[in-house]
Each structure stands twice: as C-alpha cells, then as structure tokens.
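So this block is model36.txt, compact mmCIF, C-alpha atoms:
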# COMPACT_ATOMS: atom_id res chain seq x y z
CA MET A 12 130.87 110.16 62.07
CA ALA A 13 130.53 106.40 61.72
CA ASN A 14 127.16 104.77 61.98
CA VAL A 15 126.71 102.91 65.24
CA GLU A 16 124.46 99.88 65.33
CA SER A 17 123.29 97.84 68.24
CA MET A 18 122.11 94.31 68.13
CA ILE A 19 120.22 92.40 70.77
CA VAL A 20 121.47 88.85 71.10
CA GLU A 21 119.40 86.35 73.04
CA GLU A 22 121.70 84.14 75.02
CA LYS A 23 120.55 80.54 75.30
CA THR A 24 122.30 78.40 77.82
CA GLN A 25 122.63 74.78 76.90
CA VAL A 26 121.67 72.45 79.70
CA LYS A 27 124.19 69.70 80.10
CA GLN A 28 122.32 66.40 80.00
CA ILE A 29 122.68 64.39 83.17
CA ASP A 30 122.50 60.62 83.08
CA ARG A 31 120.23 60.06 86.06
CA GLU A 32 121.11 56.36 86.09
CA LYS A 33 124.80 57.08 86.69
CA THR A 34 124.75 60.42 88.53
CA CYS A 35 124.09 60.58 92.25
CA PRO A 36 121.13 62.88 93.10
CA LEU A 37 121.43 65.87 95.40
CA LEU A 38 119.34 66.55 98.49
CA LEU A 39 117.08 69.53 97.83
CA ARG A 40 115.71 71.09 101.01
CA VAL A 41 112.38 72.75 100.14
CA PHE A 42 110.31 75.03 102.39
CA CYS A 43 106.72 75.82 101.37
CA SER A 44 104.36 78.42 102.75
CA THR A 45 100.97 79.67 101.68
CA GLY A 46 100.69 83.13 100.17
CA ARG A 47 104.20 84.38 100.92
CA HIS A 48 107.84 83.42 101.05
CA HIS A 49 109.50 82.75 104.37
CA SER A 50 111.49 85.59 105.83
CA VAL A 51 115.23 85.36 105.19
CA SER A 52 115.74 85.77 108.95
CA GLU A 53 114.18 82.32 109.45
CA TYR A 54 117.29 80.84 107.79
CA MET A 55 119.80 82.58 110.06
CA PHE A 56 122.15 81.05 112.61
CA GLY A 57 121.71 77.46 111.44
CA ASN A 58 117.91 77.61 111.74
CA VAL A 59 115.42 76.77 109.01
CA PRO A 60 111.61 77.01 108.83
CA THR A 61 109.79 74.05 110.37
CA ASN A 62 107.91 72.74 107.32
CA GLU A 63 110.78 71.10 105.45
CA LEU A 64 110.28 68.86 102.45
CA GLN A 65 113.34 66.86 101.36
CA ILE A 66 113.59 65.87 97.71
CA TYR A 67 116.34 63.89 96.03
CA THR A 68 116.78 65.26 92.53
CA TRP A 69 119.34 66.42 89.96
CA GLN A 70 120.52 69.79 88.68
CA ASP A 71 118.54 69.26 85.46
CA ALA A 72 115.20 69.06 87.33
CA THR A 73 112.70 71.58 85.97
CA LEU A 74 110.40 73.80 88.01
CA HIS A 75 107.46 71.89 86.52
CA GLU A 76 108.95 68.62 87.78
CA LEU A 77 109.45 70.09 91.26
CA THR A 78 105.88 71.42 91.22
CA SER A 79 104.64 67.88 90.53
CA LEU A 80 106.67 66.50 93.44
CA VAL A 81 105.25 69.11 95.85
CA ARG A 82 101.71 68.41 94.59
CA ASP A 83 102.20 64.67 95.25
CA VAL A 84 102.98 65.38 98.90
CA ASN A 85 100.51 68.23 99.51
CA PRO A 86 96.95 67.46 98.27
CA ASP A 87 95.78 71.06 98.87
CA THR A 88 98.04 72.28 96.04
CA ARG A 89 96.51 70.03 93.37
CA LYS A 90 93.68 72.42 92.51
CA LYS A 91 93.84 73.94 89.06
CA GLY A 92 95.08 77.53 89.19
CA THR A 93 97.41 77.11 92.19
CA TYR A 94 100.55 79.20 91.74
CA PHE A 95 104.03 78.13 92.87
CA ASP A 96 106.51 81.00 93.22
CA PHE A 97 110.05 79.58 93.50
CA ALA A 98 113.00 81.30 95.17
CA VAL A 99 116.51 80.17 96.00
CA VAL A 100 117.83 81.00 99.46
CA TYR A 101 121.60 81.08 99.54
CA PRO A 102 124.35 82.26 101.90
CA ASN A 103 126.13 85.53 101.22
CA PHE A 104 129.58 84.89 102.61
CA ARG A 105 130.57 88.56 102.49
CA SER A 106 127.87 89.65 104.94
CA ASN A 107 127.31 86.33 106.79
CA HIS A 108 123.60 86.51 105.96
CA PHE A 109 121.28 84.65 103.65
CA GLN A 110 119.74 86.17 100.55
CA MET A 111 116.69 85.21 98.51
CA ARG A 112 116.44 85.32 94.72
CA GLU A 113 113.23 84.51 92.87
CA ILE A 114 113.72 82.10 89.98
CA GLY A 115 110.28 81.47 88.49
CA VAL A 116 106.56 80.81 88.77
CA THR A 117 104.51 77.77 87.74
CA CYS A 118 100.78 77.21 87.80
CA THR A 119 98.82 73.99 88.16
CA GLY A 120 96.90 73.24 84.97
CA GLN A 121 98.57 75.97 82.87
CA LYS A 122 101.76 76.08 80.87
CA GLY A 123 104.12 78.89 81.73
CA ILE A 124 107.42 80.31 80.57
CA ASP A 125 109.27 79.08 83.68
CA ASP A 126 108.03 75.47 83.51
CA ASN A 127 111.15 74.21 81.73
CA LYS A 128 113.67 76.26 83.72
CA THR A 129 116.13 73.94 85.47
CA LEU A 130 117.90 74.31 88.78
CA ALA A 131 121.17 74.66 86.88
CA GLN A 132 119.76 77.49 84.75
CA ALA A 133 118.61 79.21 87.94
CA LYS A 134 122.22 79.01 89.21
CA PHE A 135 121.22 76.74 92.08
CA SER A 136 124.22 75.47 94.06
CA ILE A 137 124.26 72.34 96.15
CA GLY A 138 123.57 73.44 99.73
CA ASP A 139 121.14 76.23 98.78
CA PHE A 140 117.53 76.05 99.94
CA LEU A 141 114.40 76.28 97.79
CA ASP A 142 111.59 78.44 99.17
CA ILE A 143 108.18 78.09 97.53
CA SER A 144 105.27 80.47 98.04
CA ILE A 145 102.05 78.61 97.20
CA THR A 146 99.07 80.75 96.24
CA PRO A 147 95.69 78.94 96.12
CA PRO A 148 93.44 79.57 93.10
CA ASN A 149 90.99 81.71 95.07
CA ARG A 150 93.68 84.34 95.73
CA LEU A 151 95.45 86.74 93.40
CA PRO A 152 98.48 85.24 91.63
CA PRO A 153 101.95 86.55 92.43
CA THR A 154 102.66 89.78 90.64
CA ALA A 155 105.67 90.24 88.43
CA ARG A 156 108.24 91.92 90.59
CA ARG A 157 110.25 94.80 89.25
CA GLN A 158 113.96 94.10 89.04
CA ARG A 159 116.16 96.27 91.17
CA PRO A 160 118.38 98.65 89.21
CA TYR A 161 121.51 97.51 91.06

Target format structure tokens, applied to this file:
Amino acid sequence: MANVESMIVEEKTQVKQIDREKTCPLLLRVFCSTGRHHSVSEYMFGNVPTNELQIYTWQDATLHELTSLVRDVNPDTRKKGTYFDFAVVYPNFRSNHFQMREIGVTCTGQKGIDDNKTLAQAKFSIGDFLDISITPPNRLPPTARRQRPY
C-alpha cells in the first residue's frame, strides 16, 4: 500500500489595493446595539433597525478602521476594553429571508487577530448591512462561537 500524506496549506488571500483617491466609496449601513446583535427579523420586509449609522468607505476598510469610525460617533464606546462584534447581514435569495454571518471581533485598546480583516476578506457585498454588537468593558466579552457542522 502506498504511503498517504496530508499537508495543511494556509490560504492567504491577497487584498487588492484600492486607490481611494480614484475609487468611489460605497455606502455602508451600520446598525449598533449594546450586548447583542439585532434579530434578523428586524431586517425583513424592507425594514431595518432604527439606530442606523451611515459610513462612506471602501472594500479595503479594516474592522479596526470601522471600530474607530463608530467610536468617533459614539462616545460611550471609547472606554478601553469595549468589544465590537461584527456581523454581515445579507439577503438569501433562495428563501427570501436575511441571514447573519459573524466576521470578527475587535477590542478598544487591544490588538486582535481580526483588526486587519477587510470587508472584502469578509466577503461583504455592496448592499449588505453591518450589524455590530457592542459590549462595554464591565460585561463579559463575546464568546467564541462554535462553527456549525453544515
């Protein structure tokens, strides 16, 4: 019998550099809530949650950069140790419903592994929404969620 070997290959996606001077920005519709994500049902039938923050940015914007923009607008989130749990809300055209997919977590005053993740790397499409769960420093940080097997 032949020897069978397996090799783990780490795939690194190259982020295409965007010339922000020449490329038109996209409108990113962001919805923040404290301690939890909004329910997906709040995005149904053309409705959205009431606390909308509109940001003009590019596909190469990092989660750290978006965290800074939210902190500029919301002074309560500037405290060291505040967690930002990002999720993309996107339409599922097969079922005519919206779905939510978590893309990363950042923390004020701490470097994290998701800080340099871009919207493009998170497979964000123009027209999707960004839902951010903000956890103040006096609460427990968001736990790592187990991936579903399917």

*List every protein, DNA or RNA residue that has an atom no more than 10 Å from (110.5, 66.2, 102.2) in the file's coordinate frame, counting only C-alpha atoms, and report them as a PyMOL selection string.*
chain A and resi 38-42+62-67+80-81+84

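With only C-alpha atoms as the atoms that count, the residue of A:His75, A:His108, A:Lys33, A:Arg82 with the shortest distance to Phe56 (chain A) is A:His108.
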
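Proximity to Asn149 (chain A) was assessed for A:Ile114, A:Ala133, A:Glu32, A:Gly92 counting all atoms listed in the file; the smallest distance is recorded for A:Gly92.
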
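Of the listed residues A:Leu37, A:Cys43, A:Met55, A:Leu74, the one whose atoms come nearest to Lys122 (chain A) is A:Leu74, with distances taken using all atoms listed in the file.
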
*Write out as a PyMOL selection string which residues come within 9 Å of Asp71 (chain A) when counting all atoms listed in the file, dropping same-chain ones fewer than 3 positions away.*
chain A and resi 26-29+68+128-132

*Name all residues at most 6 Å from region 135-145 of chain A (count only C-alpha atoms; drop same-chain ones fewer than 5 positions away) and give them as a ChimeraX atom specification.*
/A:40-48,94-101,130

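Reported to one decimal place, the separation of CA of Ser106 (chain A) from CA of Thr61 (chain A) is 24.5 Å.
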
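The spacing separating CA of Arg112 (chain A) from CA of Val59 (chain A) amounts to 16.7 Å.
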
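Coordinates place CA of Asn103 (chain A) at a distance of 17.2 Å from CA of His49 (chain A).
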